[in-house]
file query30.pdb (PDB, C-alpha atoms)
ATOM      1  CA  MET A   1      -8.338   6.512   9.365
ATOM      2  CA  ASP A   2     -11.625   6.242  11.217
ATOM      3  CA  LEU A   3     -11.133   5.125  14.840
ATOM      4  CA  TYR A   4     -13.307   2.033  14.484
ATOM      5  CA  ASP A   5     -11.506   1.076  11.263
ATOM      6  CA  VAL A   6      -8.171   1.283  13.078
ATOM      7  CA  MET A   7      -9.500  -0.834  15.957
ATOM      8  CA  ARG A   8     -10.856  -3.474  13.582
ATOM      9  CA  THR A   9      -7.779  -3.665  11.331
ATOM     10  CA  THR A  10      -4.771  -3.533  13.694
ATOM     11  CA  PRO A  11      -3.180  -6.993  13.498
ATOM     12  CA  ALA A  12      -0.132  -8.498  15.159
ATOM     13  CA  VAL A  13       2.521  -7.682  12.559
ATOM     14  CA  ARG A  14       5.627  -9.881  12.576
ATOM     15  CA  GLU A  15       6.878  -9.544   8.998
ATOM     16  CA  PHE A  16       8.411  -6.249   7.945
ATOM     17  CA  THR A  17       9.763  -4.704   4.769
ATOM     18  CA  ASP A  18      13.149  -2.998   4.638
ATOM     19  CA  ASP A  19      11.493   0.414   4.867
ATOM     20  CA  PRO A  20      12.817   2.492   7.761
ATOM     21  CA  LEU A  21      10.706   3.846  10.602
ATOM     22  CA  PRO A  22      11.741   7.515  10.577
ATOM     23  CA  ASP A  23      12.335   9.278  13.876
ATOM     24  CA  ASP A  24       9.673  11.898  13.144
ATOM     25  CA  VAL A  25       7.031   9.215  12.550
ATOM     26  CA  LEU A  26       8.043   7.311  15.669
ATOM     27  CA  LEU A  27       7.913  10.523  17.674
ATOM     28  CA  ARG A  28       4.416  11.239  16.337
ATOM     29  CA  ILE A  29       3.284   7.714  17.233
ATOM     30  CA  LEU A  30       4.564   8.036  20.788
ATOM     31  CA  ASP A  31       3.308  11.593  21.145
ATOM     32  CA  HIS A  32      -0.248  10.419  20.545
ATOM     33  CA  ALA A  33       0.124   7.117  22.399
ATOM     34  CA  ARG A  34       1.225   8.871  25.604
ATOM     35  CA  PHE A  35      -2.356   9.909  26.337
ATOM     36  CA  ALA A  36      -3.178   6.347  27.379
ATOM     37  CA  PRO A  37      -4.575   6.071  30.922
ATOM     38  CA  SER A  38      -2.578   4.776  33.869
ATOM     39  CA  GLY A  39      -3.430   4.160  37.519
ATOM     40  CA  GLY A  40      -3.696   7.474  39.358
ATOM     41  CA  ASN A  41      -2.344   9.095  36.177
ATOM     42  CA  ARG A  42       1.103   8.304  37.578
ATOM     43  CA  GLN A  43       2.448   7.523  34.125
ATOM     44  CA  GLY A  44       5.026   5.044  35.369
ATOM     45  CA  ALA A  45       5.926   3.651  31.938
ATOM     46  CA  HIS A  46       9.272   4.134  30.215
ATOM     47  CA  VAL A  47      10.044   3.241  26.595
ATOM     48  CA  VAL A  48      13.532   2.402  25.342
ATOM     49  CA  VAL A  49      13.879   2.666  21.551
ATOM     50  CA  VAL A  50      16.396   0.111  20.320
ATOM     51  CA  ARG A  51      17.859   0.366  16.837
ATOM     52  CA  ASP A  52      21.357  -1.046  17.476
ATOM     53  CA  ALA A  53      21.781  -4.408  15.721
ATOM     54  CA  ALA A  54      23.898  -6.005  18.451
ATOM     55  CA  THR A  55      21.384  -5.085  21.146
ATOM     56  CA  ARG A  56      18.593  -6.527  19.037
ATOM     57  CA  ARG A  57      20.446  -9.784  18.590
ATOM     58  CA  ARG A  58      20.837 -10.030  22.345
ATOM     59  CA  LEU A  59      17.134  -9.296  22.869
ATOM     60  CA  ALA A  60      16.243 -11.980  20.337
ATOM     61  CA  ALA A  61      18.467 -14.499  22.129
ATOM     62  CA  LEU A  62      16.866 -13.645  25.472
ATOM     63  CA  GLN A  63      13.471 -14.606  24.046
ATOM     64  CA  GLU A  64      14.556 -18.156  23.247
ATOM     65  CA  PRO A  65      14.213 -19.801  26.717
ATOM     66  CA  ALA A  66      10.561 -18.785  26.981
ATOM     67  CA  ALA A  67       9.943 -19.689  23.342
ATOM     68  CA  LYS A  68      11.300 -23.203  23.928
ATOM     69  CA  ARG A  69       8.722 -23.873  26.625
ATOM     70  CA  TYR A  70       5.994 -22.242  24.532
ATOM     71  CA  VAL A  71       6.698 -24.454  21.530
ATOM     72  CA  ALA A  72       7.094 -27.607  23.637
ATOM     73  CA  GLN A  73       3.776 -27.053  25.385
ATOM     74  CA  VAL A  74       1.933 -26.349  22.142
ATOM     75  CA  ALA A  75       3.344 -29.585  20.709
ATOM     76  CA  ALA A  76       2.042 -31.378  23.811
ATOM     77  CA  GLY A  77      -1.447 -29.961  23.261
ATOM     78  CA  GLU A  78      -1.216 -27.547  26.198
ATOM     79  CA  SER A  79      -2.028 -23.879  26.584
ATOM     80  CA  PRO A  80       1.523 -22.524  26.820
ATOM     81  CA  TRP A  81       2.718 -20.599  29.855
ATOM     82  CA  ASN A  82      -0.703 -20.675  31.552
ATOM     83  CA  SER A  83      -0.446 -20.043  35.299
ATOM     84  CA  VAL A  84      -2.963 -22.728  36.342
ATOM     85  CA  HIS A  85      -1.415 -25.986  35.117
ATOM     86  CA  PRO A  86       2.311 -26.831  35.193
ATOM     87  CA  PRO A  87       3.919 -27.799  31.886
ATOM     88  CA  GLY A  88       3.766 -31.436  30.883
ATOM     89  CA  PRO A  89       7.069 -31.505  28.970
ATOM     90  CA  THR A  90      10.093 -32.095  31.165
ATOM     91  CA  PRO A  91      12.824 -29.460  31.562
ATOM     92  CA  GLU A  92      15.047 -31.643  29.397
ATOM     93  CA  GLU A  93      12.424 -31.845  26.650
ATOM     94  CA  ILE A  94      11.908 -28.085  26.801
ATOM     95  CA  ALA A  95      15.649 -27.405  26.617
ATOM     96  CA  ALA A  96      15.932 -29.638  23.538
ATOM     97  CA  THR A  97      13.107 -27.850  21.687
ATOM     98  CA  ASP A  98      14.023 -25.868  18.598
ATOM     99  CA  VAL A  99      12.821 -22.267  18.455
ATOM    100  CA  PRO A 100      11.143 -21.333  15.147
ATOM    101  CA  GLU A 101      12.466 -18.199  13.512
ATOM    102  CA  ARG A 102       9.106 -16.449  13.879
ATOM    103  CA  PHE A 103       9.772 -15.947  17.587
ATOM    104  CA  THR A 104      12.986 -13.986  17.113
ATOM    105  CA  ARG A 105      13.014 -12.613  13.566
ATOM    106  CA  PRO A 106      10.652  -9.640  14.188
ATOM    107  CA  VAL A 107      13.068  -8.130  16.717
ATOM    108  CA  LEU A 108      15.869  -8.377  14.156
ATOM    109  CA  THR A 109      14.018  -7.038  11.105
ATOM    110  CA  ALA A 110      11.715  -4.311  12.456
ATOM    111  CA  GLY A 111      12.371  -0.653  11.770
ATOM    112  CA  ALA A 112      12.744  -0.120  15.514
ATOM    113  CA  VAL A 113      12.203  -2.123  18.679
ATOM    114  CA  LEU A 114      10.454  -0.585  21.670
ATOM    115  CA  VAL A 115      11.198  -2.039  25.076
ATOM    116  CA  VAL A 116       8.338  -1.010  27.348
ATOM    117  CA  LEU A 117       8.939  -0.859  31.096
ATOM    118  CA  VAL A 118       6.782   0.034  34.089
ATOM    119  CA  ASP A 119       7.905   1.390  37.453
ATOM    120  CA  LEU A 120       6.421  -0.897  40.112
ATOM    121  CA  ALA A 121       7.154   1.743  42.748
ATOM    122  CA  VAL A 122       4.417   4.003  41.390
ATOM    123  CA  VAL A 123       1.683   1.642  40.140
ATOM    124  CA  ALA A 124      -1.112   0.345  42.360
ATOM    125  CA  SER A 125      -1.127  -3.469  42.392
ATOM    126  CA  MET A 126      -4.276  -4.318  44.302
ATOM    127  CA  ASP A 127      -3.807  -8.021  43.633
ATOM    128  CA  GLN A 128      -0.304  -8.251  45.102
ATOM    129  CA  ASP A 129      -1.473 -10.295  48.119
ATOM    130  CA  LEU A 130      -3.718 -12.699  46.231
ATOM    131  CA  ASP A 131      -2.625 -16.287  45.713
ATOM    132  CA  ARG A 132      -2.363 -16.018  41.941
ATOM    133  CA  VAL A 133      -0.296 -14.349  39.271
ATOM    134  CA  GLY A 134      -0.676 -10.567  39.407
ATOM    135  CA  VAL A 135      -2.357  -8.808  36.501
ATOM    136  CA  ILE A 136      -3.436  -5.419  37.839
ATOM    137  CA  SER A 137      -0.109  -3.640  37.299
ATOM    138  CA  GLY A 138      -0.549  -4.192  33.577
ATOM    139  CA  ALA A 139      -3.447  -1.733  33.578
ATOM    140  CA  SER A 140      -0.892   1.047  33.988
ATOM    141  CA  VAL A 141       1.243   0.107  30.988
ATOM    142  CA  TYR A 142      -0.586  -2.019  28.390
ATOM    143  CA  PRO A 143      -3.034   0.735  27.369
ATOM    144  CA  LEU A 144       0.073   2.680  26.313
ATOM    145  CA  VAL A 145       1.371  -0.318  24.358
ATOM    146  CA  TRP A 146      -1.942  -0.746  22.567
ATOM    147  CA  ASN A 147      -2.111   2.980  21.800
ATOM    148  CA  ILE A 148       1.323   2.646  20.206
ATOM    149  CA  LEU A 149       0.051  -0.115  17.921
ATOM    150  CA  LEU A 150      -3.100   1.820  17.033
ATOM    151  CA  ALA A 151      -1.075   4.932  16.228
ATOM    152  CA  ALA A 152       1.388   2.860  14.206
ATOM    153  CA  ARG A 153      -1.497   1.421  12.197
ATOM    154  CA  HIS A 154      -2.764   4.937  11.525
ATOM    155  CA  GLU A 155       0.704   5.898  10.240
ATOM    156  CA  GLY A 156       0.930   2.867   7.940
ATOM    157  CA  PHE A 157       3.201   0.860  10.233
ATOM    158  CA  GLY A 158       2.583  -2.118  12.481
ATOM    159  CA  GLY A 159       3.991  -4.270  15.233
ATOM    160  CA  THR A 160       3.166  -6.796  17.897
ATOM    161  CA  ILE A 161       3.289  -7.195  21.659
ATOM    162  CA  THR A 162       5.928  -9.774  22.584
ATOM    163  CA  THR A 163       6.589 -10.878  26.153
ATOM    164  CA  MET A 164       8.989 -13.812  25.777
ATOM    165  CA  ALA A 165      11.945 -11.746  27.005
ATOM    166  CA  VAL A 166      10.243 -11.201  30.369
ATOM    167  CA  VAL A 167      11.456 -14.643  31.456
ATOM    168  CA  GLU A 168      14.981 -13.192  31.241
ATOM    169  CA  GLU A 169      13.996  -9.838  32.748
ATOM    170  CA  ASP A 170      17.151  -9.422  34.844
ATOM    171  CA  ALA A 171      19.342  -9.883  31.774
ATOM    172  CA  VAL A 172      17.249  -7.414  29.757
ATOM    173  CA  LYS A 173      17.484  -4.842  32.539
ATOM    174  CA  GLU A 174      21.249  -5.272  32.720
ATOM    175  CA  LEU A 175      21.516  -4.969  28.940
ATOM    176  CA  LEU A 176      19.600  -1.684  28.876
ATOM    177  CA  GLY A 177      20.638  -0.194  32.221
ATOM    178  CA  VAL A 178      17.124  -0.358  33.686
ATOM    179  CA  PRO A 179      16.624   0.710  37.346
ATOM    180  CA  GLU A 180      15.732  -1.965  39.903
ATOM    181  CA  SER A 181      12.131  -0.893  40.514
ATOM    182  CA  TYR A 182      11.123  -1.301  36.879
ATOM    183  CA  ALA A 183       9.518  -4.396  35.354
ATOM    184  CA  LEU A 184       9.680  -5.428  31.715
ATOM    185  CA  ALA A 185       6.188  -5.291  30.218
ATOM    186  CA  ALA A 186       6.747  -5.866  26.513
ATOM    187  CA  VAL A 187       9.162  -5.850  23.618
ATOM    188  CA  VAL A 188       7.405  -4.289  20.624
ATOM    189  CA  PRO A 189       8.989  -4.517  17.156
ATOM    190  CA  LEU A 190       7.611  -1.818  14.843
ATOM    191  CA  GLY A 191       7.989  -1.498  11.085
ATOM    192  CA  LYS A 192       6.318  -1.394   7.704
ATOM    193  CA  PRO A 193       4.168  -4.535   7.261
ATOM    194  CA  VAL A 194       4.870  -6.877   4.374
ATOM    195  CA  LYS A 195       1.131  -7.533   4.155
ATOM    196  CA  GLU A 196      -1.651  -5.153   5.103
ATOM    197  CA  LEU A 197      -4.528  -7.085   6.657
ATOM    198  CA  THR A 198      -7.977  -5.551   6.598
ATOM    199  CA  ARG A 199     -10.018  -8.369   8.136
ATOM    200  CA  LEU A 200      -9.289  -9.914  11.526
ATOM    201  CA  LYS A 201     -10.882 -12.999  13.060
ATOM    202  CA  ARG A 202     -12.289 -12.496  16.564
ATOM    203  CA  GLN A 203     -15.032 -14.224  18.530
ATOM    204  CA  PRO A 204     -18.411 -12.456  18.488
ATOM    205  CA  VAL A 205     -19.492 -10.365  21.477
ATOM    206  CA  ALA A 206     -22.094 -12.934  22.522
ATOM    207  CA  GLU A 207     -19.366 -15.516  23.122
ATOM    208  CA  PHE A 208     -17.510 -13.576  25.801
ATOM    209  CA  VAL A 209     -19.942 -10.982  27.234
ATOM    210  CA  THR A 210     -22.737 -11.959  29.633
ATOM    211  CA  LEU A 211     -25.313  -9.993  31.580
ATOM    212  CA  GLU A 212     -25.215  -9.679  35.386
ATOM    213  CA  ARG A 213     -23.236 -12.913  36.031
ATOM    214  CA  TYR A 214     -20.522 -15.041  34.409
ATOM    215  CA  ASP A 215     -23.217 -17.636  33.636
ATOM    216  CA  GLY A 216     -25.762 -14.983  32.666
ATOM    217  CA  GLU A 217     -27.418 -14.445  29.325
ATOM    218  CA  PRO A 218     -25.055 -13.372  26.502
ATOM    219  CA  LEU A 219     -25.170  -9.803  25.283
ATOM    220  CA  ALA A 220     -26.494 -10.077  21.771
TER     221      ALA A 220
END

call {"tool": "encode", "arguments": {"input": "query30.pdb", "output": "C-alpha cells"}}
result
Amino acid sequence: MDLYDVMRTTPAVREFTDDPLPDDVLLRILDHARFAPSGGNRQGAHVVVVRDAATRRRLAALQEPAAKRYVAQVAAGESPWNSVHPPGPTPEEIAATDVPERFTRPVLTAGAVLVVLVDLAVVASMDQDLDRVGVISGASVYPLVWNILLAARHEGFGGTITTMAVVEEDAVKELLGVPESYALAAVVPLGKPVKELTRLKRQPVAEFVTLERYDGEPLA
C-alpha cells in the first residue's frame, strides 16, 4: 500500500475474526516497526508477545479498574482520566460501574497481544521535574507502537493502542516477569479486522495547527 494510504486508513481495530496471526507475519511487522525513532537511539522498548489464553484473561481483568473510572466519568459528562480535573464520580460510584465488553474483549479475541514496555533507565525524561504528568518518555516508545499498527495495516491486520492496564502496572509486571526499571506503555491486541475501514474522521489541519503562536493564524 502507498504510505499515505496506510496513514489515512489505519483505524483502531477492536473486533477480530478467528483468523490467526502467523508468526512469520508478526515477525515481519515487528522487523519493519523496529526502525521507529527513540531518544538518543537507545531503543529502550521491549515487546512481550502474549498468546496464552490464561495470561490474556488476566490482562483483560487488569484493565477493568481503569475502565470503571473511564465509563463512570463519561457517564458524568467528563473527559475521562484527564490529569487536570479530578473525577466527579465518587470511588464508590466508580467501583459499582459495569465495564462494557468492548474494553476487555479485544485482548481475548485478537490473534496475538503485544505488551509494550519501555526501560525508564535509558530514556531521557526532560519533564520529570515539572509539576505535571510526564509525557516525554513516551516519545521513545509510542513511535514504535504506531509503526506496529501501520505495518499491521499493510499486512492486512489491525489493532489498537490500549492503556487501561497501566493502572495495574505492578500486577502486569509481576504477571510477565518484567524488570523493575521498565514501565508499561501499551497493550496492543492485533488480529484480522472484522471490518476494513477506508475512511477515518479527523479534524482538519486548520483546527489544530497555528502559525507562530498558539493563538496565531491557522495553517490552511

call {"tool": "resolve_selection", "arguments": {"input": "query30.pdb", "expression": "the PyMOL selection byres ((chain A and resi 15) around 9)", "output": "ChimeraX atom specification"}}
result
/A:13-14,16-17,102,105-106,109-110,159,191-195

call {"tool": "write_last_selection", "arguments": {"input": "query30.pdb", "atoms": "C-alpha atoms", "output": "PDB file, in the frame of the given file"}}
result
ATOM      1  CA  VAL A  13       2.521  -7.682  12.559  1.00  0.00           C
ATOM      2  CA  ARG A  14       5.627  -9.881  12.576  1.00  0.00           C
ATOM      3  CA  PHE A  16       8.411  -6.249   7.945  1.00  0.00           C
ATOM      4  CA  THR A  17       9.763  -4.704   4.769  1.00  0.00           C
ATOM      5  CA  ARG A 102       9.106 -16.449  13.879  1.00  0.00           C
ATOM      6  CA  ARG A 105      13.014 -12.613  13.566  1.00  0.00           C
ATOM      7  CA  PRO A 106      10.652  -9.640  14.188  1.00  0.00           C
ATOM      8  CA  THR A 109      14.018  -7.038  11.105  1.00  0.00           C
ATOM      9  CA  ALA A 110      11.715  -4.311  12.456  1.00  0.00           C
ATOM     10  CA  GLY A 159       3.991  -4.270  15.233  1.00  0.00           C
ATOM     11  CA  GLY A 191       7.989  -1.498  11.085  1.00  0.00           C
ATOM     12  CA  LYS A 192       6.318  -1.394   7.704  1.00  0.00           C
ATOM     13  CA  PRO A 193       4.168  -4.535   7.261  1.00  0.00           C
ATOM     14  CA  VAL A 194       4.870  -6.877   4.374  1.00  0.00           C
ATOM     15  CA  LYS A 195       1.131  -7.533   4.155  1.00  0.00           C
TER      16      LYS A 195
END

call {"tool": "axis_aligned_box", "arguments": {"input": "query30.pdb", "around": "stretch 202-212 of chain A", "padding_each_side": "4 Å", "output": "lines of an AutoDock Vina configuration file"}}
result
center_x = -18.8
center_y = -12.6
center_z = 26.0
size_x = 21.0
size_y = 13.8
size_z = 26.8

call {"tool": "residues_around", "arguments": {"input": "query30.pdb", "residues": "stretch 57-68 of chain A", "least_positions_apart": "4", "cutoff": "7 Å", "atoms": "only C-alpha atoms", "output": "list in words"}}
result
Ala53, Ala72, Ile94, Ala95, Thr97, Asp98, Val99, Phe103, Thr104, Val107, Leu108, Met164, Ala165, Val167 and Glu168 of chain A

call {"tool": "atom_distance", "arguments": {"input": "query30.pdb", "atom1": "atom CA of A:Val47", "atom2": "atom CA of A:Val116"}}
result
4.6 Å

call {"tool": "closest_atom_pairs", "arguments": {"input": "query30.pdb", "of": "stretch 19-120 of chain A", "to": "stretch 147-151 of chain A", "cutoff": "10 Å", "atoms": "only C-alpha atoms", "output": "JSON lines"}}
result
{"residue": "A:Val25", "atom": "CA", "partner": "A:Ala151", "partner_atom": "CA", "distance": 9.9}
{"residue": "A:Leu26", "atom": "CA", "partner": "A:Ile148", "partner_atom": "CA", "distance": 9.4}
{"residue": "A:Arg28", "atom": "CA", "partner": "A:Ala151", "partner_atom": "CA", "distance": 8.4}
{"residue": "A:Ile29", "atom": "CA", "partner": "A:Ala151", "partner_atom": "CA", "distance": 5.3}
{"residue": "A:Leu30", "atom": "CA", "partner": "A:Ile148", "partner_atom": "CA", "distance": 6.3}
{"residue": "A:Asp31", "atom": "CA", "partner": "A:Ile148", "partner_atom": "CA", "distance": 9.2}
{"residue": "A:His32", "atom": "CA", "partner": "A:Ala151", "partner_atom": "CA", "distance": 7.0}
{"residue": "A:Ala33", "atom": "CA", "partner": "A:Asn147", "partner_atom": "CA", "distance": 4.7}
{"residue": "A:Arg34", "atom": "CA", "partner": "A:Asn147", "partner_atom": "CA", "distance": 7.8}
{"residue": "A:Phe35", "atom": "CA", "partner": "A:Asn147", "partner_atom": "CA", "distance": 8.3}
{"residue": "A:Ala36", "atom": "CA", "partner": "A:Asn147", "partner_atom": "CA", "distance": 6.6}
{"residue": "A:Pro37", "atom": "CA", "partner": "A:Asn147", "partner_atom": "CA", "distance": 9.9}
{"residue": "A:Leu114", "atom": "CA", "partner": "A:Ile148", "partner_atom": "CA", "distance": 9.8}

call {"tool": "atom_distance", "arguments": {"input": "query30.pdb", "atom1": "atom CA of A:Val141", "atom2": "atom CA of A:Asp18"}}
result
29.1 Å

call {"tool": "resolve_selection", "arguments": {"input": "query30.pdb", "expression": "the PyMOL selection byres ((chain A and resi 4-11) around 9)", "output": "ChimeraX atom specification"}}
result
/A:1-3,12-13,149-154,158-160,196-200

call {"tool": "atom_distance", "arguments": {"input": "query30.pdb", "atom1": "atom CA of A:Leu120", "atom2": "atom CA of A:Asn82"}}
result
22.7 Å

call {"tool": "closest_residue", "arguments": {"input": "query30.pdb", "among": "A:Thr55, A:Pro80, A:Glu217, A:Asp24", "to": "A:Glu174", "atoms": "only C-alpha atoms"}}
result
A:Thr55

call {"tool": "closest_residue", "arguments": {"input": "query30.pdb", "among": "A:Val115, A:Ala124, A:Leu176, A:Val135", "to": "A:Ser83", "atoms": "all atoms listed in the file"}}
result
A:Val135

call {"tool": "resolve_selection", "arguments": {"input": "query30.pdb", "expression": "the PyMOL selection byres ((chain A and resi 121) around 8)", "output": "number ranges by chain"}}
result
A: 119-120, 122-123, 181-182

call {"tool": "closest_residue", "arguments": {"input": "query30.pdb", "among": "A:Val209, A:Val188, A:Ala220, A:Val84", "to": "A:Val145", "atoms": "only C-alpha atoms"}}
result
A:Val188

call {"tool": "closest_residue", "arguments": {"input": "query30.pdb", "among": "A:Pro204, A:Gly156, A:Gly216, A:Gly138", "to": "A:Asp19", "atoms": "all atoms listed in the file"}}
result
A:Gly156

call {"tool": "residues_around", "arguments": {"input": "query30.pdb", "residues": "A:Ala112", "least_positions_apart": "5", "cutoff": "7 Å", "atoms": "all atoms listed in the file", "output": "PyMOL selection string"}}
result
chain A and resi 21+49-51+189-191

call {"tool": "decode", "arguments": {"input": "query30.pdb", "residues": "stretch 82-111 of chain A", "atoms": "N, CA and C atoms", "output": "mmCIF file, in the first residue's frame"}}
result
data_model
loop_
_atom_site.group_PDB
_atom_site.id
_atom_site.type_symbol
_atom_site.label_atom_id
_atom_site.label_comp_id
_atom_site.auth_asym_id
_atom_site.auth_seq_id
_atom_site.Cartn_x
_atom_site.Cartn_y
_atom_site.Cartn_z
ATOM 1 N N ASN A 82 -8.479 12.532 32.571
ATOM 2 C CA ASN A 82 -7.647 13.706 32.301
ATOM 3 C C ASN A 82 -6.884 14.050 33.577
ATOM 4 N N SER A 83 -5.707 14.640 33.420
ATOM 5 C CA SER A 83 -4.828 14.902 34.564
ATOM 6 C C SER A 83 -4.989 16.312 35.128
ATOM 7 N N VAL A 84 -6.004 17.043 34.674
ATOM 8 C CA VAL A 84 -6.215 18.423 35.122
ATOM 9 C C VAL A 84 -7.322 18.489 36.167
ATOM 10 N N HIS A 85 -8.421 17.781 35.933
ATOM 11 C CA HIS A 85 -9.565 17.845 36.841
ATOM 12 C C HIS A 85 -9.792 16.480 37.488
ATOM 13 N N PRO A 86 -9.987 16.426 38.797
ATOM 14 C CA PRO A 86 -10.272 15.153 39.460
ATOM 15 C C PRO A 86 -11.634 14.621 39.040
ATOM 16 N N PRO A 87 -11.835 13.316 39.149
ATOM 17 C CA PRO A 87 -13.129 12.753 38.726
ATOM 18 C C PRO A 87 -14.262 13.193 39.635
ATOM 19 N N GLY A 88 -15.413 13.439 39.030
ATOM 20 C CA GLY A 88 -16.595 13.804 39.795
ATOM 21 C C GLY A 88 -17.224 12.622 40.503
ATOM 22 N N PRO A 89 -17.341 11.462 39.830
ATOM 23 C CA PRO A 89 -17.922 10.293 40.495
ATOM 24 C C PRO A 89 -17.098 9.879 41.718
ATOM 25 N N THR A 90 -17.771 9.442 42.745
ATOM 26 C CA THR A 90 -17.094 9.010 43.956
ATOM 27 C C THR A 90 -16.421 7.657 43.734
ATOM 28 N N PRO A 91 -15.460 7.295 44.584
ATOM 29 C CA PRO A 91 -14.854 5.964 44.478
ATOM 30 C C PRO A 91 -15.888 4.843 44.536
ATOM 31 N N GLU A 92 -16.912 5.029 45.341
ATOM 32 C CA GLU A 92 -17.966 4.019 45.443
ATOM 33 C C GLU A 92 -18.743 3.905 44.135
ATOM 34 N N GLU A 93 -19.045 5.057 43.530
ATOM 35 C CA GLU A 93 -19.767 5.031 42.250
ATOM 36 C C GLU A 93 -18.910 4.398 41.159
ATOM 37 N N ILE A 94 -17.624 4.699 41.168
ATOM 38 C CA ILE A 94 -16.719 4.107 40.180
ATOM 39 C C ILE A 94 -16.647 2.598 40.364
ATOM 40 N N ALA A 95 -16.506 2.149 41.597
ATOM 41 C CA ALA A 95 -16.397 0.717 41.882
ATOM 42 C C ALA A 95 -17.651 -0.045 41.464
ATOM 43 N N ALA A 96 -18.803 0.628 41.495
ATOM 44 C CA ALA A 96 -20.068 -0.026 41.159
ATOM 45 C C ALA A 96 -20.379 0.016 39.662
ATOM 46 N N THR A 97 -19.518 0.643 38.882
ATOM 47 C CA THR A 97 -19.750 0.797 37.441
ATOM 48 C C THR A 97 -19.460 -0.503 36.706
ATOM 49 N N ASP A 98 -20.354 -0.869 35.815
ATOM 50 C CA ASP A 98 -20.145 -2.050 34.982
ATOM 51 C C ASP A 98 -19.195 -1.719 33.835
ATOM 52 N N VAL A 99 -18.342 -2.670 33.494
ATOM 53 C CA VAL A 99 -17.387 -2.483 32.405
ATOM 54 C C VAL A 99 -17.930 -3.120 31.129
ATOM 55 N N PRO A 100 -18.203 -2.333 30.095
ATOM 56 C CA PRO A 100 -18.673 -2.915 28.829
ATOM 57 C C PRO A 100 -17.635 -3.871 28.239
ATOM 58 N N GLU A 101 -18.128 -4.859 27.543
ATOM 59 C CA GLU A 101 -17.273 -5.890 26.974
ATOM 60 C C GLU A 101 -16.214 -5.329 26.028
ATOM 61 N N ARG A 102 -16.518 -4.197 25.398
ATOM 62 C CA ARG A 102 -15.591 -3.642 24.404
ATOM 63 C C ARG A 102 -14.229 -3.288 25.003
ATOM 64 N N PHE A 103 -14.171 -3.106 26.313
ATOM 65 C CA PHE A 103 -12.907 -2.748 26.942
ATOM 66 C C PHE A 103 -12.001 -3.958 27.165
ATOM 67 N N THR A 104 -12.552 -5.129 27.216
ATOM 68 C CA THR A 104 -11.749 -6.316 27.514
ATOM 69 C C THR A 104 -11.735 -7.344 26.391
ATOM 70 N N ARG A 105 -12.775 -7.377 25.582
ATOM 71 C CA ARG A 105 -12.884 -8.410 24.548
ATOM 72 C C ARG A 105 -11.717 -8.412 23.558
ATOM 73 N N PRO A 106 -11.202 -7.268 23.089
ATOM 74 C CA PRO A 106 -10.111 -7.325 22.111
ATOM 75 C C PRO A 106 -8.893 -8.124 22.588
ATOM 76 N N VAL A 107 -8.566 -8.023 23.867
ATOM 77 C CA VAL A 107 -7.417 -8.755 24.392
ATOM 78 C C VAL A 107 -7.675 -10.263 24.355
ATOM 79 N N LEU A 108 -8.929 -10.659 24.444
ATOM 80 C CA LEU A 108 -9.276 -12.073 24.472
ATOM 81 C C LEU A 108 -9.422 -12.675 23.086
ATOM 82 N N THR A 109 -9.734 -11.869 22.085
ATOM 83 C CA THR A 109 -10.081 -12.402 20.761
ATOM 84 C C THR A 109 -9.047 -12.117 19.687
ATOM 85 N N ALA A 110 -8.055 -11.297 19.955
ATOM 86 C CA ALA A 110 -7.048 -10.954 18.952
ATOM 87 C C ALA A 110 -6.183 -12.169 18.608
ATOM 88 N N GLY A 111 -5.547 -12.096 17.455
ATOM 89 C CA GLY A 111 -4.631 -13.163 17.067
ATOM 90 C C GLY A 111 -3.429 -13.248 17.982
#
